[in-house]
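Student: So here's final37.txt, just compact mmCIF, C-alpha atoms:
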# COMPACT_ATOMS: atom_id res chain seq x y z
CA MET A 18 111.15 -87.93 168.24
CA ASN A 19 108.43 -90.31 169.51
CA ASN A 20 108.47 -92.22 166.21
CA LEU A 21 112.28 -92.46 166.29
CA TYR A 22 112.15 -93.82 169.84
CA PHE A 23 109.48 -96.34 168.81
CA TYR A 24 111.43 -97.65 165.82
CA LEU A 25 114.70 -97.90 167.74
CA SER A 26 113.02 -99.69 170.65
CA LYS A 27 111.44 -102.24 168.29
CA ILE A 28 114.72 -102.87 166.44
CA LEU A 29 116.56 -103.36 169.74
CA ALA A 30 113.69 -105.25 171.40
CA PRO A 31 115.27 -108.74 171.02
CA LEU A 32 118.29 -107.54 173.01
CA LEU A 33 116.04 -106.19 175.77
CA ASN A 34 115.16 -109.79 176.58
CA PRO A 35 117.98 -110.57 179.03
CA THR A 36 118.24 -114.24 178.04
CA ASN A 37 118.71 -113.26 174.37
CA PHE A 38 121.43 -110.85 175.47
CA LEU A 39 123.12 -113.49 177.64
CA PHE A 40 123.07 -116.11 174.88
CA LEU A 41 124.48 -113.61 172.38
CA GLY A 42 127.14 -112.64 174.91
CA LEU A 43 127.93 -116.33 175.46
CA ILE A 44 128.59 -116.85 171.74
CA ILE A 45 130.71 -113.70 171.43
CA LEU A 46 132.75 -114.47 174.57
CA PHE A 47 133.30 -118.07 173.46
CA ILE A 48 134.63 -116.90 170.08
CA ILE A 49 136.91 -114.33 171.73
CA TYR A 50 138.17 -116.86 174.28
CA TYR A 51 138.78 -119.44 171.54
CA LYS A 52 141.04 -116.96 169.72
CA ASN A 53 142.60 -115.33 172.76
CA LYS A 54 142.56 -117.33 175.99
CA LYS A 55 142.75 -114.45 178.47
CA LYS A 56 141.69 -114.98 182.09
CA ILE A 57 139.33 -111.99 182.07
CA ILE A 58 137.41 -113.47 179.12
CA PHE A 59 137.19 -116.83 180.91
CA LYS A 60 135.82 -115.08 184.02
CA LEU A 61 133.20 -113.25 181.94
CA LEU A 62 132.30 -116.51 180.22
CA THR A 63 131.90 -118.20 183.62
CA ILE A 64 129.68 -115.38 184.94
CA ASN A 65 127.55 -115.56 181.80
CA LEU A 66 127.09 -119.33 182.13
CA PHE A 67 126.29 -118.96 185.82
CA LEU A 68 123.57 -116.36 185.16
CA LEU A 69 122.01 -118.50 182.42
CA SER A 70 122.05 -121.53 184.73
CA VAL A 71 120.40 -119.62 187.57
CA ILE A 72 117.65 -118.25 185.30
CA SER A 73 117.02 -121.62 183.66
CA PHE A 74 116.96 -123.84 186.77
CA LEU A 75 115.44 -121.50 189.37
CA PRO A 76 111.88 -120.10 189.02
CA ILE A 77 113.05 -116.48 189.37
CA GLY A 78 110.74 -115.31 186.60
CA ASN A 79 107.78 -117.10 188.17
CA PHE A 80 108.35 -115.37 191.51
CA GLY A 81 108.78 -112.08 189.64
CA LEU A 82 105.46 -112.52 187.86
CA LYS A 83 103.82 -113.45 191.17
CA TYR A 84 105.05 -110.10 192.54
CA LEU A 85 103.48 -108.27 189.56
CA GLU A 86 100.18 -110.15 189.84
CA LYS A 87 99.70 -110.37 193.61
CA ASP A 88 97.85 -107.06 194.14
CA PHE A 89 95.03 -107.79 191.70
CA LEU A 90 92.10 -110.07 192.38
CA ASN A 91 88.89 -110.07 190.35
CA LYS A 92 85.57 -109.68 192.16
CA ASP A 93 82.61 -111.96 191.55
CA SER A 94 80.43 -108.99 190.63
CA TYR A 95 80.62 -105.25 190.01
CA GLN A 96 77.92 -102.62 190.37
CA ASN A 97 76.89 -99.84 187.99
CA ILE A 98 79.51 -100.63 185.36
CA ASP A 99 79.21 -98.37 182.30
CA ASN A 100 82.22 -99.30 180.18
CA ILE A 101 84.75 -102.06 179.64
CA VAL A 102 88.17 -101.09 178.27
CA VAL A 103 90.32 -103.96 177.03
CA LEU A 104 93.96 -103.52 176.02
CA SER A 105 94.93 -105.44 172.91
CA GLY A 106 97.29 -108.37 173.28
CA SER A 107 96.51 -111.80 174.67
CA ASP A 108 93.28 -113.42 173.46
CA TYR A 109 92.50 -114.06 177.12
CA ARG A 110 91.88 -110.32 177.50
CA LEU A 111 89.42 -110.34 174.63
CA LEU A 112 87.60 -113.40 175.99
CA ALA A 113 87.39 -111.72 179.40
CA SER A 114 85.74 -108.70 177.76
CA ILE A 115 83.14 -110.98 176.14
CA LYS A 116 82.50 -112.70 179.48
CA LEU A 117 81.95 -109.38 181.26
CA GLY A 118 80.04 -107.95 178.33
CA ASN A 119 77.59 -110.85 178.44
CA LYS A 120 77.20 -110.41 182.19
CA TYR A 121 76.73 -106.63 182.08
CA LYS A 122 74.46 -106.16 179.08
CA ASN A 123 74.34 -102.34 179.16
CA THR A 124 78.08 -101.76 178.97
CA GLU A 125 80.05 -100.36 176.06
CA ILE A 126 83.30 -102.15 175.18
CA TYR A 127 86.37 -100.24 173.99
CA TYR A 128 89.06 -102.41 172.42
CA VAL A 129 92.25 -100.34 172.40
CA GLY A 130 95.34 -101.22 170.39
CA GLY A 131 96.86 -101.88 167.02
CA SER A 132 100.14 -103.45 166.02
CA ALA A 133 103.61 -103.03 167.51
CA TYR A 134 105.27 -104.61 164.47
CA LEU A 135 107.36 -102.41 162.19
CA ILE A 136 105.97 -104.17 159.11
CA LYS A 137 102.20 -104.31 159.48
CA ASN A 138 99.69 -106.61 157.83
CA ASP A 139 96.23 -107.96 158.57
CA LEU A 140 97.68 -110.97 160.39
CA ASN A 141 99.54 -108.96 163.04
CA ASP A 142 97.04 -106.14 163.48
CA GLU A 143 95.34 -106.70 166.84
CA ILE A 144 92.15 -104.84 165.93
CA ASN A 145 91.57 -106.95 162.83
CA LYS A 146 92.09 -110.14 164.83
CA ALA A 147 89.76 -108.89 167.58
CA LYS A 148 86.99 -108.03 165.11
CA LYS A 149 87.17 -111.55 163.72
CA ILE A 150 86.96 -113.20 167.16
CA TYR A 151 84.10 -110.99 168.41
CA ASP A 152 82.21 -111.77 165.21
CA GLU A 153 82.91 -115.53 165.30
CA LEU A 154 81.67 -115.71 168.90
CA ASN A 155 78.45 -113.91 167.89
CA PHE A 156 79.02 -110.97 170.21
CA ASP A 157 76.91 -107.87 169.52
CA MET A 158 79.34 -105.80 167.42
CA THR A 159 77.30 -102.63 167.92
CA ARG A 160 78.53 -102.58 171.53
CA VAL A 161 82.23 -102.79 170.59
CA ASN A 162 84.30 -99.71 169.76
CA PHE A 163 87.71 -100.26 168.21
CA VAL A 164 89.98 -97.43 169.27
CA GLY A 165 93.07 -96.15 167.53
CA HIS A 166 96.13 -97.87 166.18
CA SER A 167 98.34 -97.41 169.22
CA ARG A 168 101.63 -99.29 169.33
CA ASN A 169 102.43 -99.58 173.03
CA THR A 170 100.91 -99.22 176.51
CA ILE A 171 101.51 -95.47 176.82
CA GLU A 172 99.88 -94.81 173.46
CA ASN A 173 96.97 -97.03 174.57
CA PHE A 174 96.30 -94.78 177.54
CA LYS A 175 96.60 -91.64 175.44
CA GLU A 176 93.78 -93.07 173.35
CA ILE A 177 91.77 -94.03 176.47
CA GLU A 178 92.18 -90.50 177.83
CA LYS A 179 90.49 -89.16 174.69
CA LEU A 180 87.39 -91.27 175.41
CA ASN A 181 86.47 -88.96 178.32
CA LEU A 182 85.33 -91.74 180.64
CA ILE A 183 86.11 -89.75 183.81
CA ASP A 184 82.53 -89.63 185.13
CA SER A 185 81.71 -93.27 184.45
CA LYS A 186 82.56 -96.57 186.12
CA THR A 187 84.95 -98.32 183.79
CA ILE A 188 86.62 -101.71 184.01
CA LEU A 189 90.13 -102.12 182.60
CA ILE A 190 91.06 -105.56 181.27
CA THR A 191 94.64 -106.61 180.65
CA SER A 192 96.91 -109.53 181.52
CA ALA A 193 97.58 -110.00 185.24
CA TYR A 194 101.35 -109.46 184.86
CA HIS A 195 100.71 -106.26 182.87
CA MET A 196 98.18 -104.72 185.27
CA LYS A 197 100.68 -103.13 187.67
CA ARG A 198 102.33 -101.13 184.86
CA SER A 199 98.93 -100.31 183.37
CA THR A 200 97.51 -98.93 186.62
CA ILE A 201 100.64 -96.84 187.19
CA ILE A 202 100.29 -95.28 183.74
CA ALA A 203 96.50 -94.88 184.12
CA LYS A 204 97.01 -92.98 187.38
CA GLU A 205 99.49 -90.65 185.68
CA PHE A 206 96.83 -89.88 183.06
CA GLY A 207 94.26 -89.22 185.79
CA LEU A 208 92.16 -92.24 184.83
CA LYS A 209 90.19 -94.08 187.53
CA LEU A 210 89.74 -97.58 186.18
CA ILE A 211 88.67 -100.80 187.93
CA PRO A 212 91.31 -103.50 187.25
CA TYR A 213 90.14 -106.87 185.95
CA VAL A 214 92.93 -109.32 185.18
CA ALA A 215 93.09 -112.00 182.51
CA ASP A 216 95.80 -114.47 181.58
CA GLN A 217 96.94 -115.23 185.15
CA ARG A 218 100.44 -116.73 184.83
CA THR A 219 101.03 -117.73 188.47
CA ASN A 220 99.08 -119.54 191.16
CA ARG A 221 98.81 -117.46 194.33
CA GLN A 222 98.93 -120.59 196.48
CA SER A 223 101.78 -122.37 194.68
CA SER A 224 104.50 -123.78 196.92
CA PHE A 225 108.11 -124.09 195.85
CA LEU A 226 107.60 -127.86 195.52
CA ASN A 227 104.64 -127.39 193.13
CA ILE A 228 106.68 -124.94 191.07
CA TYR A 229 109.55 -127.46 190.95
CA GLN A 230 107.20 -130.23 189.77
CA ASP A 231 106.15 -127.95 186.93
CA PHE A 232 109.81 -127.31 186.06
CA ASN A 233 110.38 -126.18 182.48
CA ILE A 234 113.56 -124.41 181.34
CA SER A 235 112.00 -122.66 178.34
CA ARG A 236 109.14 -121.42 180.56
CA ASN A 237 111.64 -120.16 183.14
CA PHE A 238 113.37 -118.16 180.43
CA ALA A 239 110.07 -116.82 179.07
CA ASN A 240 108.78 -115.82 182.52
CA PHE A 241 112.05 -114.11 183.41
CA ASN A 242 112.03 -112.14 180.14
CA LEU A 243 108.39 -111.14 180.72
CA PHE A 244 109.06 -110.00 184.29
CA PHE A 245 112.22 -108.14 183.26
CA ARG A 246 110.47 -106.23 180.47
CA GLU A 247 107.57 -105.22 182.73
CA ILE A 248 109.95 -103.94 185.42
CA ILE A 249 112.00 -102.03 182.83
CA GLY A 250 108.77 -100.57 181.44
CA ILE A 251 107.72 -99.38 184.90
CA ILE A 252 111.15 -97.89 185.66
CA VAL A 253 111.42 -96.10 182.31
CA PHE A 254 107.91 -94.66 182.63
CA LYS A 255 108.55 -93.39 186.17
CA LEU A 256 111.85 -91.82 185.13
CA SER A 257 110.29 -90.12 182.11
CA SER A 258 107.07 -88.91 183.79
Is it possible to give me this structure as structure tokens?
Tutor:
Amino acid sequence: MNNLYFYLSKILAPLLNPTNFLFLGLIILFIIYYKNKKKIIFKLLTINLFLLSVISFLPIGNFGLKYLEKDFLNKDSYQNIDNIVVLSGSDYRLLASIKLGNKYKNTEIYYVGGSAYLIKNDLNDEINKAKKIYDELNFDMTRVNFVGHSRNTIENFKEIEKLNLIDSKTILITSAYHMKRSTIIAKEFGLKLIPYVADQRTNRQSSFLNIYQDFNISRNFANFNLFFREIIGIIVFKLSS
């Protein structure tokens, strides 16, 4: 059942990005309206265009990501750290683990992940990419443990739970926007991890004017999709737990 859910979710993943769904709906509604000019179709077409315009011209996604990131702030130093757990994904996470690993020489690093792609190869396997980067940056590979071939965040934490790190002080590294969902899932698994964020997407001090000066339609779409997927992930996990 878990495998069926995974495969279906990956096949339908493009439609879970709301902007993809809206653009697809726009094309379908336009074709229908072209063949049959009904008022209800025109109204739906207008609503669709309005939603796309709002998402593209207003920084809704940026404010959404700021909400996800606002509760997490890295400290300058940590005491008695035993382990560093880094979730696969952005290279910023991996670089953060190297930075902390160099600072805290006695820590063990656990790189957790695999590939979420249905068709796997060496190019899209996160562990293979991570091994290459750690090696190229001359990091001590004897300190790095590559854990599992998990395909999503929940499977990541199932693997982390098996590490039995309960009695140790462990830092968790993931992207800032992903940390809220990660800590919610970690708590459900009974894991006490110290959050350390990488890949900060928003500036805590940004004013609306600064955001406007950095205006970019494609970035607005990307940020909205990212925020939407994280919120859906949190809601689905809470409903299923």
Student: Which residues are near segment 89-100 of chain A? Cut-off 7 Å, all atoms listed in the file, ignore same chain within fewer than 5 positions. Put them as a ChimeraX atom specification.
Tutor: /A:124-126,185-188,213-214
Student: Work out how far apart atom CA of Ser258 of chain A and atom CA of Thr170 of chain A are and give it in Å to one decimal.
Tutor: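 Spanning atom CA of Ser258 of chain A to atom CA of Thr170 of chain A is a straight-line distance of 14.0 Å.
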Student: Within 12 Å of Asp88 of chain A, counting all atoms listed in the file, which residues show up once you throw out same-chain ones fewer than 2 positions away? Write them as an MDAnalysis selection string, please.
Tutor: chainID A and resid 82:86 90:91 193:198 200 212:214 221
Student: Would you mind telling me which residue in A:Ile115, A:Leu154, A:Ile101, A:Ile171 lies nearest to Gly130 of chain A when using only C-alpha atoms?
Tutor: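 Closest candidate: A:Ile171.
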Student: Extract, using all atoms listed in the file, all DNA, RNA and protein residues at most 8 Å from Ser192 of chain A, discarding same-chain residues fewer than 5 positions from it, and format them as an NGL selection string.
Tutor: :A and (107 or 109-110 or 214-217)
Student: When you draw a straight line from atom CA of Arg218 of chain A to atom CA of Thr36 of chain A, how long is it in Å?
Tutor: 19.2 Å
Student: If I take atom CA of Asn240 of chain A and atom CA of Lys255 of chain A, how far is one from the other in Å, to one decimal?
Tutor: 22.7 Å
Student: For Asn37 of chain A, which residue among A:Glu172, A:Leu69, A:Ile249, A:Asn79 is the nearest when counting only C-alpha atoms?
Tutor: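 Residue with the minimum atom-to-atom distance to Asn37 of chain A: A:Leu69.
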Student: Name the closest residue to Glu247 of chain A among the candidates A:Phe232, A:Lys149, A:Asn34, A:Gly207; distances are taken between atoms, counting only C-alpha atoms.
Tutor: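 Smallest separation from Glu247 of chain A among the options: A:Asn34.
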Student: I'd like to know which of A:Phe74, A:Tyr50, A:Phe59, A:Phe163 is closest to Arg236 of chain A, using all atoms listed in the file.
Tutor: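 Looking only at the distances to Arg236 of chain A, the closest residue turns out to be A:Phe74.
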Student: From the options A:Leu256, A:Ile58, A:Ile72, A:Val102, which residue's atoms come nearest to Arg160 of chain A, counting only C-alpha atoms?
Tutor: A:Val102
Student: With distances taken over all atoms listed in the file, which residue among A:Ile183, A:Leu189, A:Ile45, A:Val71 lies nearest Ser105 of chain A?
Tutor: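 Of the candidates, the smallest distance to Ser105 of chain A is held by A:Leu189.
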Student: Quick one: everything within 8 Å of Glu178 of chain A, counting all atoms listed in the file, minus sequence neighbours fewer than 3 positions away in the same chain. Send it as a PDB file with C-alpha atoms, in the frame of the given file.
Tutor:
ATOM      1  CA  PHE A 174      96.300 -94.780 177.540  1.00  0.00           C
ATOM      2  CA  LYS A 175      96.600 -91.640 175.440  1.00  0.00           C
ATOM      3  CA  ASN A 181      86.470 -88.960 178.320  1.00  0.00           C
ATOM      4  CA  LEU A 182      85.330 -91.740 180.640  1.00  0.00           C
ATOM      5  CA  PHE A 206      96.830 -89.880 183.060  1.00  0.00           C
ATOM      6  CA  LEU A 208      92.160 -92.240 184.830  1.00  0.00           C
TER       7      LEU A 208
END
Student: Find the residues around Ile144 of chain A up to 9 Å (only C-alpha atoms counted), leave out those fewer than 2 positions away in its own chain, and share them as a PyMOL selection string.
Tutor: chain A and resi 105+128-132+139+141-142+146-149+163-166
Student: Please write as an mmCIF file with C-alpha atoms, in the coordinates of the input the list of polymer residues whose atoms come within 12 Å of (131.7, -117.3, 181.6), counting only C-alpha atoms and keeping to the coordinates of the file.
Tutor:
data_model
loop_
_atom_site.group_PDB
_atom_site.id
_atom_site.type_symbol
_atom_site.label_atom_id
_atom_site.label_comp_id
_atom_site.auth_asym_id
_atom_site.auth_seq_id
_atom_site.Cartn_x
_atom_site.Cartn_y
_atom_site.Cartn_z
ATOM 1 C CA LEU A 39 123.120 -113.490 177.640
ATOM 2 C CA PHE A 40 123.070 -116.110 174.880
ATOM 3 C CA GLY A 42 127.140 -112.640 174.910
ATOM 4 C CA LEU A 43 127.930 -116.330 175.460
ATOM 5 C CA ILE A 44 128.590 -116.850 171.740
ATOM 6 C CA ILE A 45 130.710 -113.700 171.430
ATOM 7 C CA LEU A 46 132.750 -114.470 174.570
ATOM 8 C CA PHE A 47 133.300 -118.070 173.460
ATOM 9 C CA ILE A 48 134.630 -116.900 170.080
ATOM 10 C CA ILE A 49 136.910 -114.330 171.730
ATOM 11 C CA TYR A 50 138.170 -116.860 174.280
ATOM 12 C CA LYS A 55 142.750 -114.450 178.470
ATOM 13 C CA LYS A 56 141.690 -114.980 182.090
ATOM 14 C CA ILE A 57 139.330 -111.990 182.070
ATOM 15 C CA ILE A 58 137.410 -113.470 179.120
ATOM 16 C CA PHE A 59 137.190 -116.830 180.910
ATOM 17 C CA LYS A 60 135.820 -115.080 184.020
ATOM 18 C CA LEU A 61 133.200 -113.250 181.940
ATOM 19 C CA LEU A 62 132.300 -116.510 180.220
ATOM 20 C CA THR A 63 131.900 -118.200 183.620
ATOM 21 C CA ILE A 64 129.680 -115.380 184.940
ATOM 22 C CA ASN A 65 127.550 -115.560 181.800
ATOM 23 C CA LEU A 66 127.090 -119.330 182.130
ATOM 24 C CA PHE A 67 126.290 -118.960 185.820
ATOM 25 C CA LEU A 68 123.570 -116.360 185.160
ATOM 26 C CA LEU A 69 122.010 -118.500 182.420
ATOM 27 C CA SER A 70 122.050 -121.530 184.730
#
